[in-house]
Every structure is written in structure tokens, then in C-alpha cells.
Amino acid sequence: QVQLVESGGGLVQTGGSLRLSCAASGRTFSTYSMGWFRQVSGKEREFVAAIDWSGFSTYYTDSVKGRFTISRDNNKNAVYLQMNSLKPEDTAVYYCAATPTLRTYSGSYRYPYEYHYWGQGTQVTVSS
């Protein structure tokens, strides 16, 4: 089992940066692929980025490509989301999630149901 705790959210102006962290418990963290999702109240949870267990393969939704970077440190049981050039439309609660299998061939890694474990979320607010 994996427990996830996000941190690093906050209020930032348009064009600013934030780095989200997700601390994981459990000795099997390095076997899980990880994802970041975000959700605005009243809307569905949206895929942001994913990284495979090794850290060599990363995936992004189109709206954040070139601005966000997902990374992980398996020695520290952590995954990160560096967010640059933030826009008001990036405002949301951000969640990290873990999945034992990143199904890239089907594209289903973009869907919340593929992920077994979730953190509690951290609020990111970008002011205009």
C-alpha cells in the first residue's frame, strides 16, 4: 500500500512558478508509476502529467507542455511537479496518484480510474 501527501501549493501571480511535492510512504514506491491530476470544483478530475517507475518516461496534457515538468526521486520516495509560467486557468486542487501499471499503449493512464492511491490534494491559485 502507498500513502501520498502533497505539499507546495499556494497563491501565485500569473507568470509565476510553484513546485509541488508528493511524499510517498511504503517500500514499494519505486515500483509505481505516478501521476498528477487537477480538479476545479464542479468539474471532472483532469490529467496533468505522469511519469513511469524509472523516471525515464514522462507524459503531459497538451495545455501544460513546455511549462510543467514532472520528476521523481525514488531514493526519497517523492514525485514533483515544477510549474512555470502559470496561468489563471491552472487554478485547481492538484492531486498526486500512484498506479502499478502505466498503460501508455491505450492512453488510459490519463484517466483517474487507472490509479490506485491518491493524496488529499493541494490548492493552487493563480491570480490574474
# chains A, B, ... in the order shown; residues from 1 in each chain; ligands from 1
$ residues_around --residues "Tyr59 in chain A" --least-positions-apart "2" --cutoff "7 Å" --atoms "only C-alpha atoms" --output "list of chain:residue names"
A:Ala49, A:Ala50, A:Ile51, A:Ser57
$ residues_around --residues "range 75-77 of chain A" --least-positions-apart "3" --cutoff "7 Å" --atoms "only C-alpha atoms" --output "VMD selection string"
chain A and resid 23 to 25 29
$ residues_around --residues "Gln13 in chain A" --least-positions-apart "3" --cutoff "9 Å" --atoms "only C-alpha atoms" --output "ChimeraX atom specification"
/A:16-17,86-88,125-128
$ residues_around --residues "Met83 in chain A" --least-positions-apart "4" --cutoff "6 Å" --atoms "only C-alpha atoms" --output "list in words"
Ser17, Leu18, Arg19 and Phe68 of chain A
$ closest_residue --among "A:Trp36, A:Trp118, A:Tyr60, A:Tyr109" --to "Leu20 in chain A" --atoms "only C-alpha atoms"
A:Trp36
$ select_by_dssp --residues "range 36-82 of chain A" --states "strand (DSSP E or B)" --output "list of chain:residue names"
A:Trp36, A:Phe37, A:Arg38, A:Gln39, A:Glu46, A:Phe47, A:Val48, A:Ala49, A:Ala50, A:Ile51, A:Thr58, A:Tyr59, A:Tyr60, A:Phe68, A:Thr69, A:Ile70, A:Ser71, A:Arg72, A:Asp73, A:Ala78, A:Val79, A:Tyr80, A:Leu81, A:Gln82
$ select_by_dssp --residues "chain A" --states "helix (DSSP H, G or I)" --output "PDB file with C-alpha atoms, in the first residue's frame"
ATOM      1  CA  PHE A  29       7.163   3.323  -4.170  1.00  0.00           C
ATOM      2  CA  SER A  30       9.811   2.742  -6.841  1.00  0.00           C
ATOM      3  CA  THR A  31       7.613   0.118  -8.499  1.00  0.00           C
ATOM      4  CA  ASP A  62      -1.197  19.497 -24.081  1.00  0.00           C
ATOM      5  CA  SER A  63      -2.101  22.588 -22.053  1.00  0.00           C
ATOM      6  CA  VAL A  64       0.925  22.244 -19.761  1.00  0.00           C
ATOM      7  CA  PRO A  88      -5.256  31.604 -14.104  1.00  0.00           C
ATOM      8  CA  GLU A  89      -6.678  28.507 -15.828  1.00  0.00           C
ATOM      9  CA  ASP A  90      -4.146  26.403 -13.900  1.00  0.00           C
ATOM     10  CA  SER A 108      -5.752   5.062 -20.221  1.00  0.00           C
ATOM     11  CA  TYR A 109      -3.033   6.458 -17.959  1.00  0.00           C
ATOM     12  CA  ARG A 110      -4.857   9.756 -18.451  1.00  0.00           C
ATOM     13  CA  PRO A 112      -8.280   8.620 -12.720  1.00  0.00           C
ATOM     14  CA  TYR A 113      -9.656   5.073 -12.580  1.00  0.00           C
ATOM     15  CA  GLU A 114      -6.209   3.739 -13.527  1.00  0.00           C
TER      16      GLU A 114
END
$ atom_distance --atom1 "CA of Asp52 in chain A" --atom2 "CA of Asn74 in chain A"
11.3 Å
$ closest_residue --among "A:Glu44, A:Arg38, A:Asn84, A:Trp53" --to "Pro100 in chain A" --atoms "only C-alpha atoms"
A:Trp53
$ atom_distance --atom1 "CA of Val48 in chain A" --atom2 "CA of Gly35 in chain A"
7.5 Å
$ closest_residue --among "A:Ser85, A:Gln1, A:Thr99, A:Gln120" --to "Gly26 in chain A" --atoms "only C-alpha atoms"
A:Gln1
$ closest_residue --among "A:Thr28, A:Thr61, A:Ser7, A:Ser106" --to "Gly119 in chain A" --atoms "only C-alpha atoms"
A:Ser7
$ closest_residue --among "A:Tyr111, A:Tyr117, A:Tyr94, A:Tyr80" --to "Cys22 in chain A" --atoms "only C-alpha atoms"
A:Tyr80
$ residues_around --residues "Lys43 in chain A" --least-positions-apart "3" --cutoff "12 Å" --atoms "only C-alpha atoms" --output "PyMOL selection string"
chain A and resi 38-40+46+92-93
$ write_last_selection --atoms "all heavy atoms" --output "mmCIF file, in the first residue's frame"
data_model
loop_
_atom_site.group_PDB
_atom_site.id
_atom_site.type_symbol
_atom_site.label_atom_id
_atom_site.label_comp_id
_atom_site.auth_asym_id
_atom_site.auth_seq_id
_atom_site.Cartn_x
_atom_site.Cartn_y
_atom_site.Cartn_z
ATOM 1 N N ARG A 38 -5.591 17.385 -11.637
ATOM 2 C CA ARG A 38 -6.111 18.589 -11.013
ATOM 3 C C ARG A 38 -7.624 18.619 -11.184
ATOM 4 O O ARG A 38 -8.173 18.031 -12.111
ATOM 5 C CB ARG A 38 -5.474 19.849 -11.594
ATOM 6 C CG ARG A 38 -5.732 20.085 -13.075
ATOM 7 C CD ARG A 38 -4.873 21.243 -13.568
ATOM 8 N NE ARG A 38 -5.089 21.509 -14.983
ATOM 9 C CZ ARG A 38 -4.365 22.367 -15.689
ATOM 10 N NH1 ARG A 38 -3.362 23.045 -15.103
ATOM 11 N NH2 ARG A 38 -4.624 22.562 -16.975
ATOM 12 N N GLN A 39 -8.256 19.346 -10.266
ATOM 13 C CA GLN A 39 -9.713 19.395 -10.287
ATOM 14 C C GLN A 39 -10.203 20.747 -9.825
ATOM 15 O O GLN A 39 -9.771 21.251 -8.780
ATOM 16 C CB GLN A 39 -10.301 18.291 -9.407
ATOM 17 C CG GLN A 39 -11.797 18.141 -9.532
ATOM 18 C CD GLN A 39 -12.310 16.888 -8.843
ATOM 19 O OE1 GLN A 39 -11.670 16.348 -7.938
ATOM 20 N NE2 GLN A 39 -13.460 16.396 -9.281
ATOM 21 N N VAL A 40 -11.100 21.300 -10.605
ATOM 22 C CA VAL A 40 -11.807 22.521 -10.247
ATOM 23 C C VAL A 40 -13.175 22.118 -9.727
ATOM 24 O O VAL A 40 -13.795 21.185 -10.266
ATOM 25 C CB VAL A 40 -11.929 23.452 -11.476
ATOM 26 C CG1 VAL A 40 -12.769 24.672 -11.128
ATOM 27 C CG2 VAL A 40 -10.553 23.858 -11.975
ATOM 28 N N GLU A 46 -8.869 16.137 -13.876
ATOM 29 C CA GLU A 46 -8.200 16.245 -15.177
ATOM 30 C C GLU A 46 -6.745 15.799 -15.067
ATOM 31 O O GLU A 46 -6.030 16.203 -14.134
ATOM 32 C CB GLU A 46 -8.254 17.704 -15.650
ATOM 33 C CG GLU A 46 -7.459 18.018 -16.894
ATOM 34 C CD GLU A 46 -7.331 19.513 -17.151
ATOM 35 O OE1 GLU A 46 -7.314 20.286 -16.176
ATOM 36 O OE2 GLU A 46 -7.237 19.900 -18.328
ATOM 37 N N ALA A 92 -6.569 25.196 -9.462
ATOM 38 C CA ALA A 92 -7.265 23.945 -9.172
ATOM 39 C C ALA A 92 -6.670 23.322 -7.921
ATOM 40 O O ALA A 92 -5.645 23.790 -7.410
ATOM 41 C CB ALA A 92 -7.116 22.961 -10.342
ATOM 42 N N VAL A 93 -7.306 22.269 -7.458
ATOM 43 C CA VAL A 93 -6.688 21.408 -6.457
ATOM 44 C C VAL A 93 -5.889 20.350 -7.216
ATOM 45 O O VAL A 93 -6.427 19.698 -8.119
ATOM 46 C CB VAL A 93 -7.734 20.743 -5.553
ATOM 47 C CG1 VAL A 93 -7.058 19.783 -4.566
ATOM 48 C CG2 VAL A 93 -8.544 21.795 -4.812
#
$ atom_distance --atom1 "CA of Val5 in chain A" --atom2 "CA of Leu102 in chain A"
20.5 Å
$ closest_residue --among "A:Thr104, A:Ser33, A:Thr14, A:Thr58" --to "Val2 in chain A" --atoms "only C-alpha atoms"
A:Ser33
